[in-house]
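Data block below; observations after.
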Amino acid sequence: MTLPVVYFVLPCYNESEGLRHTADVLKKKINQLIACDGISGKSRILFVDDGSKDGTWDLIQQLHYEDDALFGGVKLAHNRGHQSALYAGLMQALRDGCDAAISMDADLQDDVNAVDEMVKKFSQEHCEIVYGVRSSREKDSWFKRNSALMFYRVFEWMGAETVPNHADYRLMSRLALEALSEYHEVNLFLRGIVPSIGFKTGKVYYVRGVREAGESKYPLKKMIAFALEGITSFSTKPLKFVTGLGVISILIGLIMLAYAIGSVFMNHAVVGWGSVMCSIWLIGGFLMVSMGIVGEYVGKIYLETKHRPRYYIETAF
Ligand code: UDP
Ligand code: MG
């Protein structure tokens with residue numbers, strides 16, 4: 001039996017503080033897996049520098065210089081965000097001829113020991129995608145825990161598929177990567193795209209730790225934008241919601257009309273200044289909200305039709 005070549009793909013944005021430690025930990029893990037005949041000796045660690053400004057790329061180059069067989073790098077010409085950087089790395093791994101790629105964050109919050117089971121599920125149980133799922137969210141703040149829960153509920157209610165408590169820690173086989181390469185959309189939301197690919201999948205449970213060095217690159221603003229990105233790039237339900245709102249507002253209008261006509265006949269017509277003002281403002285509000293949501297989709301269509309490249313790779317080895 002030939003052993004699978006497994007690539008570890010890590011998007012990095014200003015991660016110079018902890019990258020050396022991450023490289024050491026992963027090197028140990030890879031060597032351990034090679035030693036017990038779990039993966040091929042040609043397996044590699046691929047760092048994707050997402051336009052960092054803090055010497056992350058210098059460090060990646062240094063690592064490559066020290067061990068070019070083990071450490072590879074991809075440098076994006078500009079900061080394009082976690083999802084695009086990850087996609088760039090996965091596609092590079094595919095081009096390099098890997099049998100499977102494991103994506104994980106550069107801050108080692110995801111327990112690397114879960115990799116053993118991921119590889120096992122891939123090579124023995126023939127899973128094409130293995131999701132790393134958090135067994136508990138106890139270490140998260142109350143806000144993060146509940147906002148995540150709410151997001152998964154809304155996402156599912158919108159009719160999109162997702163794996164709850166799974167971020168971007170997963171193994172994808174070559175076949176799954178080839179399928180992923182067929183997705184040409186600019187608005188990347190891998191947590192939604194990957195479950196929609198299909199194939200046999202598996203799950204591995206792990207406890208997510210705290211960031212080992214540096215700060216989170218996902219402040220609240222980015223997190224909200226990410227959640228909205230996920231919903232609007234996977235569901236058209238908000239549009240249906242707008243239609244529903246429109247119907248309700250028409251119904252209210254009709255009831256008001258009936259009331260107005262009725263009051264004329266009953267001789268107690270009041271000069272309906274209040275109700276007129278209320279309806280103007282309410283309908284105005286509905287229209288603006290609706291247009292905002294429609295605009296969100298129009299914006300996406302606009303971006304997609306331009307077929308802009310997601311990124312340009314400056315250097316790769
Ligand atoms: N990241 C990236 N580009 C960005 C933001 C983040 O490549 O624009 C990387 C980052 O270096 C890390 C991963 O995405 O490896 C997850 O980011 P982070 O750990 O800051 O997110 P959190 O764990 O706080 O949600
Ligand atoms: Mg993190």
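In the structure tokens, the first chain shown is A, the next is B, and so on; residue numbers restart at 1 for each chain, and ligands run from 1 in the order shown.
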Checklist entry - Using only C-alpha atoms, which residues sit within 7 Å of stretch 196-208 of chain A once same-chain residues fewer than 5 positions away are excluded, as a PyMOL selection string? => result chain A and resi 109-111+114+117-118+121+127-136+161+179
Saved selection, atoms kept: N, CA and C atoms, as a short mmCIF file (atom, residue, chain, number, x, y, z; two decimals), in the first residue's frame:
data_model
loop_
_atom_site.label_atom_id
_atom_site.label_comp_id
_atom_site.auth_asym_id
_atom_site.auth_seq_id
_atom_site.Cartn_x
_atom_site.Cartn_y
_atom_site.Cartn_z
N GLN A 109 -4.78 26.85 17.46
CA GLN A 109 -5.94 26.73 18.36
C GLN A 109 -6.59 25.36 18.18
N ASP A 110 -6.44 24.81 16.96
CA ASP A 110 -7.00 23.50 16.70
C ASP A 110 -6.01 22.44 17.15
N ASP A 111 -6.46 21.50 17.93
CA ASP A 111 -5.60 20.48 18.49
C ASP A 111 -4.98 19.60 17.39
N ALA A 114 -5.66 15.78 16.68
CA ALA A 114 -6.84 15.27 15.96
C ALA A 114 -6.46 14.80 14.56
N GLU A 117 -6.45 10.94 13.79
CA GLU A 117 -7.74 10.32 13.50
C GLU A 117 -8.26 10.73 12.13
N MET A 118 -7.97 11.97 11.74
CA MET A 118 -8.39 12.44 10.41
C MET A 118 -7.76 11.58 9.34
N LYS A 121 -9.28 8.11 9.25
CA LYS A 121 -10.60 8.10 8.60
C LYS A 121 -10.45 8.21 7.08
N CYS A 127 -12.90 8.17 3.83
CA CYS A 127 -13.67 9.42 3.85
C CYS A 127 -12.96 10.42 2.94
N GLU A 128 -13.71 11.13 2.13
CA GLU A 128 -13.10 12.13 1.25
C GLU A 128 -12.95 13.47 1.97
N ILE A 129 -13.82 13.71 2.95
CA ILE A 129 -13.72 14.94 3.75
C ILE A 129 -13.87 14.54 5.21
N VAL A 130 -12.95 15.01 6.05
CA VAL A 130 -13.07 14.74 7.49
C VAL A 130 -13.11 16.09 8.21
N TYR A 131 -14.22 16.34 8.90
CA TYR A 131 -14.39 17.62 9.59
C TYR A 131 -13.85 17.57 11.01
N GLY A 132 -13.12 18.57 11.40
CA GLY A 132 -12.72 18.71 12.80
C GLY A 132 -13.85 19.46 13.49
N VAL A 133 -14.48 18.84 14.46
CA VAL A 133 -15.62 19.46 15.13
C VAL A 133 -15.28 19.69 16.60
N ARG A 134 -15.60 20.86 17.09
CA ARG A 134 -15.32 21.17 18.51
C ARG A 134 -16.29 20.44 19.41
N SER A 135 -15.73 19.71 20.36
CA SER A 135 -16.61 18.94 21.25
C SER A 135 -17.30 19.83 22.28
N SER A 136 -16.69 20.97 22.59
CA SER A 136 -17.39 21.90 23.49
C SER A 136 -16.92 23.32 23.20
N GLU A 161 -26.43 24.25 3.98
CA GLU A 161 -25.89 23.14 4.76
C GLU A 161 -24.62 23.59 5.49
N ALA A 179 -13.02 18.78 -6.73
CA ALA A 179 -14.40 19.29 -6.77
C ALA A 179 -14.43 20.75 -6.33
#
Next on the checklist: For ligand 2, return the neighbouring residues as a ChimeraX atom specification (distance at most 12 Å; only C-alpha atoms and all ligand atoms).
Outcome noted: /A:10-13,15,18,82,104-111,140,167-169,208-219
Next on the checklist: Could you go through stretch 169-222 of chain A and tell me which residues DSSP, when run on the backbone, assigns to alpha helix (DSSP H), listing them as a list in words?
Outcome noted: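 Across stretch 169-222 of chain A, those assigned alpha helix (DSSP H) are Arg174, Leu175, Ala176, Leu177, Glu178, Ala179, Leu180, Leu190, Arg191, Gly192, Ile193, Val194, Pro195, Ser196, Ile197, Leu220, Lys221 and Lys222 of chain A.
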Atoms kept (C-alpha atoms) for selection, written as a compact mmCIF listing (two decimals), in the first residue's frame:
# COMPACT_ATOMS: atom_id res chain seq x y z
CA ARG A 174 -7.59 15.00 -3.73
CA LEU A 175 -11.01 14.17 -5.14
CA ALA A 176 -12.72 16.67 -2.83
CA LEU A 177 -10.10 19.30 -3.69
CA GLU A 178 -10.70 18.75 -7.39
CA ALA A 179 -14.40 19.29 -6.77
CA LEU A 180 -13.65 22.43 -4.78
CA LEU A 190 -15.80 27.38 2.61
CA ARG A 191 -17.87 26.17 5.58
CA GLY A 192 -20.89 26.28 3.30
CA ILE A 193 -19.21 25.18 0.07
CA VAL A 194 -17.43 22.09 1.42
CA PRO A 195 -20.55 20.39 2.87
CA SER A 196 -22.30 21.02 -0.44
CA ILE A 197 -19.61 19.04 -2.31
CA LEU A 220 -16.32 41.53 15.89
CA LYS A 221 -16.72 43.62 12.76
CA LYS A 222 -15.03 40.97 10.58
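Considering the residues A:Leu19, A:Cys36, A:Met223, A:Ile60 and counting only C-alpha atoms, A:Lys144 has its shortest atom-to-atom contact with A:Met223.
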Item to check | All residues 12 Å or closer to A:Gly97, only C-alpha atoms, same chain fewer than 5 positions away omitted, as a VMD selection string | outcome: chain A and resid 4 to 7 42 to 44 90 to 92 173 to 175 177 to 178
Checklist entry - Hey, which of A:His268, A:Arg95, A:His78, A:Lys306 ends up closest to ligand 1? Count only C-alpha atoms and all ligand atoms. => result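 Nearest to ligand 1: A:His78.
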